[in-house]
Amino acid sequence: MSLTLRTISREQHLAYIQSLPSASHMQVPAWADVKAEWRSENLGWFDDRTGQLVGVGLVLYRQLPKIKRYLAYLPEGPVINWFAPNLQEWMEPMLAHLKQQGAFSVKMGPPVIIRRWDATSIKKGIQDPDVKRLRDIEADHIEPRAFEVADKLRRMGWQQGEDGGAGFGDVQPRYVFQVPLANRSLEEVHKNFNQLWRRNIKKAEKAGVEVVQGGYHDLEEWQRLYEITAVRDHFRPRPLSYFQRMWAALNNEDPNRMRLYFARHNGVNLSAATMLVVGGHVWYSYGASDNIGREVRPSNAMQWAMLRDSYALGATVYDLRGISDSLDESDHLFGLIQFKVGTGGQAAEYLGEWDFPLNKLLHKALDIYMSRR
């Protein structure tokens, strides 16, 4: 198959995404509006024989300080046939086009999963003193074609650092936790939760915790809980304007793209979460909780409600997003994996992010600049 790449309209891009079972929420056209500080472009690959659109990519361009050269970034993309035998024919026109646009370096995140570990294997690994990382556990599922993709990319000159994050380090999580929903009943999903999760869901029900959906006007209340969380967990929170922009951009594109959930007890909101939907893939994207009311288990109640809603939407996967690959109990991120493993889902490892230096000197300069930040 010979391919031609060119800039396409947002409408073409969206129509293509809508024709697929799912794609990353960072590859829908509206994501460009969420990331307003980047310049953006919608790319399309066309089959020369049929003239049909066969792949798309959302590119975000970040300008280098003081010069008109850009880092071109395709978060969790592009949306192409990654297992095509002629991967080079997809990559070459993209690199040529991005170079023409003034890019000195390209960063992309192939949405290709290499390995999966079931919750039971991870639990065993946590109990084993010799196991320090997810990678130390034998994977339950391996995708051999993913290794071929990595091999082809390396041969083309794409780079990855030793830790899997090349140059600027991975921006998106390489390891995520997912609850598969396809061909399963809700009863099965619930049965797969560990005892603690099931007990906590019951506890929340008994205490009268209710889970409700909010709208744009509730984002200020979301922000209040989110900033409490940021102080407690020592991270820098995004401003309210970011979530307002996200809500407006994503729900303008598709009224069901972004949802907001609150778990409340006696009329007081104790925890909140944002949820994103693209086709059959649902993400729990941001979470927040107060320092009070934890004994009524609002977070478990909220996750269970979001999972049930995802199931009702016909989702094939409920994605709890990033986890660290460390299984060391003294690691500050260990609690996160422990919480997510309780859902009985699977940890998945993506191929990670890859860099292609179009201008080696500028790429190196940015690399040094990023590492000193």
# chains A, B, ... in the order shown; residues from 1 in each chain; ligands from 1
>>> residues_around(residues="A:Phe262", least_positions_apart="4", cutoff="7 Å", atoms="only C-alpha atoms", output="list in words")
Val211, Val212, Gln213, Asn269, Ser271, Ala272 and Ala273 of chain A
>>> residues_around(residues="A:Asp128", least_positions_apart="6", cutoff="10 Å", atoms="only C-alpha atoms", output="PyMOL selection string")
chain A and resi 122+137+327
>>> atom_distance(atom1="atom CA of A:Thr316", atom2="atom CA of A:Gly77")
19.7 Å
>>> residues_around(residues="A:Arg321", least_positions_apart="5", cutoff="10 Å", atoms="only C-alpha atoms", output="count of residues only")
15
>>> closest_atom_pairs(of="stretch 113-200 of chain A", to="stretch 288-299 of chain A", cutoff="10 Å", atoms="only C-alpha atoms", output="Markdown table")
| residue | atom | partner | partner_atom | distance |
| --- | --- | --- | --- | --- |
| A:Trp197 | CA | A:Arg297 | CA | 9.5 |
| A:Arg199 | CA | A:Arg297 | CA | 9.6 |
| A:Asn200 | CA | A:Arg297 | CA | 5.8 |
>>> write_last_selection(atoms="N, CA, C and O atoms", output="PDB file, in the first residue's frame")
ATOM      1  N   TRP A 197     -12.077  -3.910  48.633  1.00  0.00           N
ATOM      2  CA  TRP A 197     -12.878  -3.060  47.747  1.00  0.00           C
ATOM      3  C   TRP A 197     -14.358  -3.347  47.922  1.00  0.00           C
ATOM      4  O   TRP A 197     -15.166  -2.438  48.045  1.00  0.00           O
ATOM      5  N   ARG A 199     -15.856  -4.682  50.421  1.00  0.00           N
ATOM      6  CA  ARG A 199     -16.284  -4.264  51.771  1.00  0.00           C
ATOM      7  C   ARG A 199     -16.476  -2.746  51.812  1.00  0.00           C
ATOM      8  O   ARG A 199     -17.434  -2.232  52.378  1.00  0.00           O
ATOM      9  N   ASN A 200     -15.540  -2.016  51.174  1.00  0.00           N
ATOM     10  CA  ASN A 200     -15.622  -0.552  51.182  1.00  0.00           C
ATOM     11  C   ASN A 200     -16.827  -0.021  50.395  1.00  0.00           C
ATOM     12  O   ASN A 200     -17.433   0.975  50.756  1.00  0.00           O
TER      13      ASN A 200
END
>>> select_by_dssp(residues="stretch 33-130 of chain A", states="helix (DSSP H, G or I)", output="list in words")
Asp33, Val34, Leu87, Gln88, Glu89, Trp90, Met91, Glu92, Pro93, Met94, Leu95, Ala96, His97, Leu98, Lys99, Gln100, Ala119, Thr120, Ser121, Ile122, Lys123, Lys124, Gly125, Ile126 and Gln127 of chain A
>>> closest_residue(among="A:Leu98, A:Met91, A:Ile126, A:Ala315", to="A:Lys152", atoms="only C-alpha atoms")
A:Met91
